[in-house]
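The structure appears right after this line, and notes come after that.
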Amino acid sequence: MTIKTATLRMPQRRSYVRNTGYRRPARTSSKASASKSRAKEVVATVFAVIFLLVGVWASLEVHSVANEVARLKETHARLVAENVSLTSKLHSATDKKALEKMGRRIGLHPPKENQIIYLR
């Protein structure tokens, strides 16, 4: 008589939930998963480069606008100073006493009574 080994088999547990149509995804080969991860890396790199380019472009636009604002502020200050100067010249040129003085200097005088004509 020979000695035989005994094998004990445990019963498998079965779920009482019916199969709802869920299927385990098919296993892919290592090449397919490697190509998927490579594609994800490429897409991520492309997005990173796009975001970097958009950031650089936005930074250049901000600097351009800042330079434009600085130039416009300088122009505004120059024009304000010119306006003050011209306003003071206008006031001095239209001052009644200054006009009478200039008129006497060039030989003008106020009109006489017979030189004034009144219209109805």
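Note on naming: chains are A, B, ... as they come in the structure tokens, residues start from 1 per chain, ligands start from 1 in the order shown.
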Each residue of region 31-53 of chain A lying at most 12 Å from region 58-81 of chain A should get a row with its shortest atom-to-atom pair and the distance in Å to one decimal, counting only C-alpha atoms; could you produce that, ordered by chain and increasing number, as CSV?
residue,atom,partner,partner_atom,distance
A:Phe51,CA,A:Ala58,CA,10.4
A:Leu52,CA,A:Ala58,CA,9.9
A:Leu53,CA,A:Ala58,CA,8.5
Item to check | All helix (DSSP H, G or I) positions in chain A, as an MDAnalysis selection string | outcome: chainID A and resid 30:93 96:105 113:115
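Across the structure, CA of Lys101 (chain A) and CA of Leu119 (chain A) are spaced 29.1 Å apart.
Across the structure, CA of Leu86 (chain A) and CA of Arg105 (chain A) are spaced 24.0 Å apart.
Separating CA of Asn114 (chain A) from CA of Lys97 (chain A) is a distance of 24.1 Å.
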